[in-house]
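Asker: Sharing upload_14.cif here; it has mmCIF, C-alpha atoms.
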```cif
data_work
loop_
_atom_site.group_PDB
_atom_site.id
_atom_site.type_symbol
_atom_site.label_atom_id
_atom_site.label_comp_id
_atom_site.auth_asym_id
_atom_site.auth_seq_id
_atom_site.Cartn_x
_atom_site.Cartn_y
_atom_site.Cartn_z
ATOM 1 C CA MET A 1 82.185 161.034 103.289
ATOM 2 C CA ALA A 2 81.170 164.662 103.007
ATOM 3 C CA GLU A 3 77.712 165.881 103.926
ATOM 4 C CA ALA A 4 75.258 164.443 101.413
ATOM 5 C CA LYS A 5 73.085 167.542 101.229
ATOM 6 C CA ASP A 6 73.296 169.196 97.855
ATOM 7 C CA GLY A 7 72.829 172.746 96.703
ATOM 8 C CA CYS A 8 70.281 173.331 94.009
ATOM 9 C CA VAL A 9 71.360 171.617 90.808
ATOM 10 C CA LYS A 10 71.728 167.927 91.585
ATOM 11 C CA PRO A 11 69.162 166.080 89.487
ATOM 12 C CA SER A 12 67.255 163.122 90.864
ATOM 13 C CA LYS A 13 66.704 159.910 88.935
ATOM 14 C CA GLY A 14 62.905 159.851 89.163
ATOM 15 C CA VAL A 15 61.322 156.484 88.513
ATOM 16 C CA ILE A 16 63.868 153.689 88.531
ATOM 17 C CA VAL A 17 62.754 150.750 86.437
ATOM 18 C CA PRO A 18 64.665 147.459 86.550
ATOM 19 C CA GLU A 19 66.873 146.952 83.505
ATOM 20 C CA MET A 20 64.613 146.490 80.520
ATOM 21 C CA GLU A 21 65.471 143.963 77.890
ATOM 22 C CA VAL A 22 66.656 145.595 74.737
ATOM 23 C CA VAL A 23 64.575 144.523 71.782
ATOM 24 C CA ALA A 24 66.641 144.416 68.635
ATOM 25 C CA ASP A 25 65.549 146.325 65.521
ATOM 26 C CA GLN A 26 63.288 148.609 67.490
ATOM 27 C CA PRO A 27 64.053 152.264 67.867
ATOM 28 C CA GLN A 28 64.969 152.946 71.472
ATOM 29 C CA MET A 29 62.566 155.331 73.122
ATOM 30 C CA LYS A 30 64.488 157.455 75.565
ATOM 31 C CA LYS A 31 61.644 157.913 78.010
ATOM 32 C CA GLU A 32 58.417 156.005 77.931
ATOM 33 C CA VAL A 33 55.269 157.375 79.444
ATOM 34 C CA PRO A 34 55.181 155.706 82.851
ATOM 35 C CA LYS A 35 52.341 153.279 83.394
ATOM 36 C CA MET A 36 50.847 152.454 86.727
ATOM 37 C CA LEU A 37 52.927 149.679 88.230
ATOM 38 C CA ALA A 38 51.901 149.835 91.885
ATOM 39 C CA ARG A 39 49.897 146.784 92.945
ATOM 40 C CA VAL A 40 49.260 145.354 96.380
ATOM 41 C CA GLY A 41 51.289 142.217 96.969
ATOM 42 C CA LYS A 42 53.796 143.279 94.310
ATOM 43 C CA PRO A 43 57.172 144.993 94.733
ATOM 44 C CA ALA A 44 57.018 148.760 95.172
ATOM 45 C CA PRO A 45 58.236 150.699 92.128
ATOM 46 C CA ASP A 46 61.539 152.300 93.065
ATOM 47 C CA PHE A 47 62.339 155.988 92.606
ATOM 48 C CA GLU A 48 64.731 158.715 93.595
ATOM 49 C CA LEU A 49 63.466 162.237 94.183
ATOM 50 C CA SER A 50 64.923 165.422 95.560
ATOM 51 C CA ALA A 51 63.499 166.574 98.855
ATOM 52 C CA PHE A 52 63.518 169.228 101.516
ATOM 53 C CA PHE A 53 64.451 167.701 104.860
ATOM 54 C CA GLU A 54 65.956 169.035 108.072
ATOM 55 C CA GLY A 55 66.685 172.420 106.586
ATOM 56 C CA GLY A 56 68.425 171.238 103.440
ATOM 57 C CA PHE A 57 67.973 169.635 100.044
ATOM 58 C CA LYS A 58 68.740 165.981 99.630
ATOM 59 C CA ASN A 59 67.879 163.144 97.238
ATOM 60 C CA PHE A 60 65.910 160.241 98.652
ATOM 61 C CA ARG A 61 65.745 156.785 97.079
ATOM 62 C CA LEU A 62 62.894 154.520 98.155
ATOM 63 C CA SER A 63 64.945 151.322 98.045
ATOM 64 C CA ASP A 64 67.377 152.781 100.601
ATOM 65 C CA TYR A 65 64.623 151.957 103.103
ATOM 66 C CA LYS A 66 64.368 148.315 102.068
ATOM 67 C CA GLY A 67 64.070 146.145 105.183
ATOM 68 C CA LYS A 68 61.842 148.645 106.979
ATOM 69 C CA TRP A 69 58.147 149.380 106.954
ATOM 70 C CA ILE A 70 57.610 152.390 104.696
ATOM 71 C CA VAL A 71 54.646 154.691 104.207
ATOM 72 C CA ILE A 72 54.483 156.959 101.162
ATOM 73 C CA CYS A 73 51.944 159.780 101.289
ATOM 74 C CA PHE A 74 51.169 161.607 98.069
ATOM 75 C CA TYR A 75 49.349 164.915 98.550
ATOM 76 C CA PRO A 76 47.959 167.401 96.045
ATOM 77 C CA GLY A 77 50.059 170.391 96.946
ATOM 78 C CA ASP A 78 51.886 172.504 99.471
ATOM 79 C CA PHE A 79 49.654 175.098 101.148
ATOM 80 C CA THR A 80 46.502 173.063 100.579
ATOM 81 C CA PHE A 81 44.478 172.763 103.707
ATOM 82 C CA VAL A 82 43.303 169.188 104.111
ATOM 83 C CA MET B 1 50.363 166.508 106.432
ATOM 84 C CA SER B 2 50.369 168.173 109.822
ATOM 85 C CA ALA B 3 47.977 165.477 111.103
ATOM 86 C CA VAL B 4 50.444 162.821 109.990
ATOM 87 C CA ALA B 5 53.234 164.812 111.623
ATOM 88 C CA VAL B 6 51.474 164.816 114.993
ATOM 89 C CA LYS B 7 51.147 161.018 114.900
ATOM 90 C CA TYR B 8 54.666 160.560 113.557
ATOM 91 C CA PRO B 9 56.147 159.483 116.918
ATOM 92 C CA GLU B 10 53.655 156.616 117.022
ATOM 93 C CA LEU B 11 54.606 155.579 113.490
ATOM 94 C CA GLN B 12 58.281 155.777 114.452
ATOM 95 C CA LYS B 13 57.637 153.531 117.432
ATOM 96 C CA LEU B 14 56.240 150.999 114.950
ATOM 97 C CA GLY B 15 59.457 151.316 112.941
ATOM 98 C CA VAL B 16 57.790 153.090 110.023
ATOM 99 C CA GLU B 17 59.705 155.398 107.687
ATOM 100 C CA LEU B 18 57.545 158.089 106.124
ATOM 101 C CA LEU B 19 58.001 159.940 102.850
ATOM 102 C CA ALA B 20 55.618 162.697 101.721
ATOM 103 C CA ILE B 21 55.475 163.483 98.004
ATOM 104 C CA SER B 22 53.852 166.209 95.921
ATOM 105 C CA THR B 23 54.571 167.705 92.516
ATOM 106 C CA ASP B 24 55.749 170.942 94.158
ATOM 107 C CA SER B 25 59.413 171.867 93.948
ATOM 108 C CA ARG B 26 61.646 171.390 96.941
ATOM 109 C CA PHE B 27 61.863 175.167 97.161
ATOM 110 C CA SER B 28 58.110 175.291 97.633
ATOM 111 C CA HIS B 29 58.421 172.546 100.253
ATOM 112 C CA LYS B 30 60.992 174.663 102.072
ATOM 113 C CA ILE B 31 58.755 177.733 102.191
ATOM 114 C CA TRP B 32 55.691 175.680 103.193
ATOM 115 C CA GLN B 33 57.629 174.052 106.004
ATOM 116 C CA GLU B 34 59.080 177.347 107.221
ATOM 117 C CA GLU B 35 56.056 179.589 106.763
ATOM 118 C CA GLU B 36 53.164 177.320 107.650
ATOM 119 C CA LEU B 37 53.865 173.770 108.822
ATOM 120 C CA SER B 38 56.314 174.906 111.501
ATOM 121 C CA LYS B 39 53.484 177.003 112.936
ATOM 122 C CA MET B 40 51.050 174.076 112.983
ATOM 123 C CA VAL B 41 53.450 171.475 114.360
ATOM 124 C CA GLU B 42 56.408 172.341 116.535
ATOM 125 C CA GLY B 43 59.578 172.085 114.473
ATOM 126 C CA GLY B 44 57.599 171.481 111.278
ATOM 127 C CA VAL B 45 56.940 168.068 109.788
ATOM 128 C CA PRO B 46 59.669 165.627 110.856
ATOM 129 C CA PHE B 47 59.826 163.656 107.616
ATOM 130 C CA PRO B 48 61.180 164.504 104.141
ATOM 131 C CA LEU B 49 58.998 166.323 101.615
ATOM 132 C CA LEU B 50 59.835 164.909 98.199
ATOM 133 C CA SER B 51 59.402 166.695 94.906
ATOM 134 C CA ASP B 52 57.799 164.672 92.103
ATOM 135 C CA ALA B 53 58.262 167.165 89.275
ATOM 136 C CA GLY B 54 55.984 166.296 86.383
ATOM 137 C CA GLY B 55 54.267 163.540 88.353
ATOM 138 C CA ARG B 56 56.537 160.801 87.004
ATOM 139 C CA VAL B 57 56.528 158.846 90.230
ATOM 140 C CA GLY B 58 52.846 159.623 90.834
ATOM 141 C CA SER B 59 52.032 158.135 87.426
ATOM 142 C CA VAL B 60 53.703 154.861 88.306
ATOM 143 C CA TYR B 61 51.800 154.781 91.589
ATOM 144 C CA GLY B 62 48.505 155.623 89.837
ATOM 145 C CA VAL B 63 47.923 158.900 91.660
ATOM 146 C CA TYR B 64 48.947 161.475 89.056
ATOM 147 C CA ASP B 65 46.000 163.518 87.791
ATOM 148 C CA ASP B 66 46.854 164.591 84.247
ATOM 149 C CA ASP B 67 44.229 167.322 84.101
ATOM 150 C CA ALA B 68 45.149 169.006 87.357
ATOM 151 C CA GLY B 69 48.851 168.260 87.008
ATOM 152 C CA VAL B 70 49.145 167.082 90.600
ATOM 153 C CA ASP B 71 49.516 163.877 92.572
ATOM 154 C CA ILE B 72 46.190 163.285 94.303
ATOM 155 C CA ARG B 73 46.016 161.979 97.837
ATOM 156 C CA GLY B 74 47.406 158.472 97.953
ATOM 157 C CA ARG B 75 48.908 156.413 100.708
ATOM 158 C CA PHE B 76 50.986 153.265 100.226
ATOM 159 C CA LEU B 77 52.210 150.886 102.906
ATOM 160 C CA ILE B 78 55.315 148.891 101.965
ATOM 161 C CA ASP B 79 56.633 145.940 103.993
ATOM 162 C CA PRO B 80 60.292 145.144 104.792
ATOM 163 C CA ASP B 81 60.429 142.815 101.756
ATOM 164 C CA PHE B 82 59.631 145.903 99.641
ATOM 165 C CA ASN B 83 56.178 144.670 98.646
ATOM 166 C CA ILE B 84 53.187 147.004 98.704
ATOM 167 C CA ARG B 85 50.740 145.813 101.358
ATOM 168 C CA ALA B 86 48.050 148.477 101.215
ATOM 169 C CA MET B 87 47.074 151.499 99.177
ATOM 170 C CA GLU B 88 44.437 154.161 99.552
ATOM 171 C CA VAL B 89 43.781 156.773 96.886
ATOM 172 C CA MET B 90 41.297 159.593 97.306
ATOM 173 C CA THR B 91 40.193 162.706 95.455
ATOM 174 C CA PRO B 92 41.557 165.789 97.187
ATOM 175 C CA GLU B 93 38.500 166.991 99.093
ATOM 176 C CA VAL B 94 38.677 164.446 101.898
ATOM 177 C CA GLY B 95 41.717 164.202 104.128
ATOM 178 C CA ARG B 96 43.230 160.998 105.356
ATOM 179 C CA ASN B 97 42.619 159.156 108.616
ATOM 180 C CA VAL B 98 45.956 158.631 110.290
ATOM 181 C CA ALA B 99 44.401 156.348 112.920
ATOM 182 C CA GLU B 100 43.383 153.918 110.183
ATOM 183 C CA LEU B 101 46.892 153.969 108.759
ATOM 184 C CA ILE B 102 48.300 153.104 112.183
ATOM 185 C CA ARG B 103 45.747 150.304 112.583
ATOM 186 C CA GLN B 104 46.777 148.843 109.236
ATOM 187 C CA VAL B 105 50.462 149.030 110.107
ATOM 188 C CA LYS B 106 49.787 147.162 113.376
ATOM 189 C CA ALA B 107 47.617 144.587 111.598
ATOM 190 C CA PHE B 108 50.173 143.885 108.856
ATOM 191 C CA GLN B 109 53.005 143.701 111.361
ATOM 192 C CA HIS B 110 50.948 141.243 113.437
ATOM 193 C CA VAL B 111 50.151 139.125 110.395
ATOM 194 C CA VAL B 112 53.787 139.022 109.262
ATOM 195 C CA SER B 113 55.129 138.080 112.688
ATOM 196 C CA THR B 114 52.483 135.486 113.649
ATOM 197 C CA GLY B 115 51.111 133.998 110.429
ATOM 198 C CA GLU B 116 47.608 134.670 111.751
ATOM 199 C CA VAL B 117 45.095 136.759 109.844
ATOM 200 C CA THR B 118 43.112 139.692 111.168
ATOM 201 C CA PRO B 119 39.368 139.741 110.478
ATOM 202 C CA ALA B 120 37.275 142.826 109.692
ATOM 203 C CA GLY B 121 37.720 145.739 112.056
ATOM 204 C CA TRP B 122 40.609 144.110 113.906
ATOM 205 C CA VAL B 123 42.518 146.207 116.378
ATOM 206 C CA PRO B 124 45.239 144.917 118.728
ATOM 207 C CA GLY B 125 43.679 142.761 121.457
ATOM 208 C CA LYS B 126 40.797 141.539 119.315
ATOM 209 C CA PRO B 127 40.629 137.904 118.158
ATOM 210 C CA THR B 128 42.624 136.823 115.126
ATOM 211 C CA LEU B 129 42.125 133.751 112.969
ATOM 212 C CA THR B 130 44.570 131.023 112.033
ATOM 213 C CA PRO B 131 43.765 129.955 108.507
ATOM 214 C CA GLY B 132 43.682 126.253 107.702
ATOM 215 C CA PRO B 133 41.372 123.468 106.541
ATOM 216 C CA ASP B 134 39.835 123.146 110.020
ATOM 217 C CA LEU B 135 38.638 126.732 109.933
ATOM 218 C CA ALA B 136 36.718 126.415 106.670
ATOM 219 C CA GLY B 137 33.017 126.812 107.351
ATOM 220 C CA LYS B 138 33.695 127.239 111.064
ATOM 221 C CA VAL B 139 34.596 130.888 111.300
ATOM 222 C CA TRP B 140 31.173 131.553 112.864
ATOM 223 C CA LYS B 141 32.224 129.447 115.853
ATOM 224 C CA VAL B 142 35.300 131.478 116.682
ATOM 225 C CA TRP B 143 34.508 134.941 115.422
ATOM 226 C CA LYS B 144 31.340 137.018 115.803
ATOM 227 C CA VAL B 145 30.379 139.922 113.560
ATOM 228 C CA ASP B 146 30.259 142.153 116.648
ATOM 229 C CA ASN B 147 34.037 141.752 116.847
ATOM 230 C CA ALA B 148 34.291 143.933 113.754
ATOM 231 C CA PHE B 149 33.109 147.027 115.612
#
```
Would you write out, as structure tokens, the structure that this file holds?

Answerer:
Amino acid sequence: MAEAKDGCVKPSKGVIVPEMEVVADQPQMKKEVPKMLARVGKPAPDFELSAFFEGGFKNFRLSDYKGKWIVICFYPGDFTFV
Amino acid sequence: MSAVAVKYPELQKLGVELLAISTDSRFSHKIWQEEELSKMVEGGVPFPLLSDAGGRVGSVYGVYDDDAGVDIRGRFLIDPDFNIRAMEVMTPEVGRNVAELIRQVKAFQHVVSTGEVTPAGWVPGKPTLTPGPDLAGKVWKVWKVDNAF
């Protein structure tokens, strides 16, 4: 398999929701506004995002780490000082 | 983030994978890593910096601030079964306490491997409790409030 690092155009999937049941007779919304799903004691919402790591760009999917302890740290922005 | 980076070896020893996420682009992450973080921590931060454009993932995790357009400070601990064990969300002014994160990782790992529970303020070496009918109403016999500090 070739090096997984991509250049600058490979899109990431973003939030990955388990297959939703299709309700008949209802117009399919392409993208719903995401609601908060994270709850302690409940499965972590999966996602795939592009990242900068070890000098290159690469997509990371949370569920690739299944079976390990994982810590996710959200932070307000690069170059902020806290 | 640099504080987390310094303690990263300890987290690694505990088998923890770390992902940092902000709404910045990966290009911004690259410049931040190269221009600033690498000067605060040797080699820069050793974990991936993920780009949550538009805060889509932050919204699902309840940390996306619509008004500011950023993911506020939030930390989530996920166990090997992919369940969230702990979360901490703060407004941006106050930074996180990495020591508390490490304590929680140790406590949850202890709980998962032993079936015991860890009372308030538990750190490794302090007494744990084994829940069961016999313990009801008798915690005072085996655990003192001083143990919490």

Asker: Could you list the residues in chain A lying within 10 Å of chain B, using all atoms listed in the file, and format the result as a VMD selection string?

Answerer: chain A and resid 8 12 14 to 16 33 to 60 62 to 63 65 to 82

Asker: For CA of Gly115 in chain B and CA of Trp143 in chain B, determine how far apart the two atoms are, in Å to one decimal place.

Answerer: 17.4 Å

Asker: Tell me, in Å to one decimal, how far CA of Trp140 in chain B is from CA of Pro127 in chain B.

Answerer: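 Pair CA of Trp140 in chain B / CA of Pro127 in chain B returns 12.6 Å.
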
Asker: For a test of reading the model, state the distance in Å between CA of Gly132 in chain B and CA of Pro119 in chain B, rounded to one decimal.

Answerer: 14.4 Å

Asker: Extract, using only C-alpha atoms, all DNA, RNA and protein residues at most 10 Å from Val142 in chain B, discarding same-chain residues fewer than 3 positions from it, and format them as a list of chain:residue names.

Answerer: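 So the residues in contact are B:Pro127, B:Thr128, B:Leu129, B:Leu135, B:Lys138, B:Val139.
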
Asker: Run through the PyMOL selection byres ((chain B and resi 121) around 7) on the given coordinates and return the selected residues as a list in words.

Answerer: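 Checked against the file, the PyMOL selection byres ((chain B and resi 121) around 7) matches Pro119, Ala120, Trp122, Val123, Ala148 and Phe149 of chain B.
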
Asker: List every protein, DNA or RNA residue that has at least one atom no more than 6 Å from (44.6, 132.4, 107.4) in the file's coordinates, counting all atoms listed in the file, and write the result as a PDB file with C-alpha atoms, in the frame of the given file.

Answerer:
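The resulting file, part.pdb, is reproduced below:
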```
ATOM      1  CA  GLU B 116      47.608 134.670 111.751  1.00  0.00           C
ATOM      2  CA  VAL B 117      45.095 136.759 109.844  1.00  0.00           C
ATOM      3  CA  THR B 130      44.570 131.023 112.033  1.00  0.00           C
ATOM      4  CA  PRO B 131      43.765 129.955 108.507  1.00  0.00           C
TER       5      PRO B 131
END
```
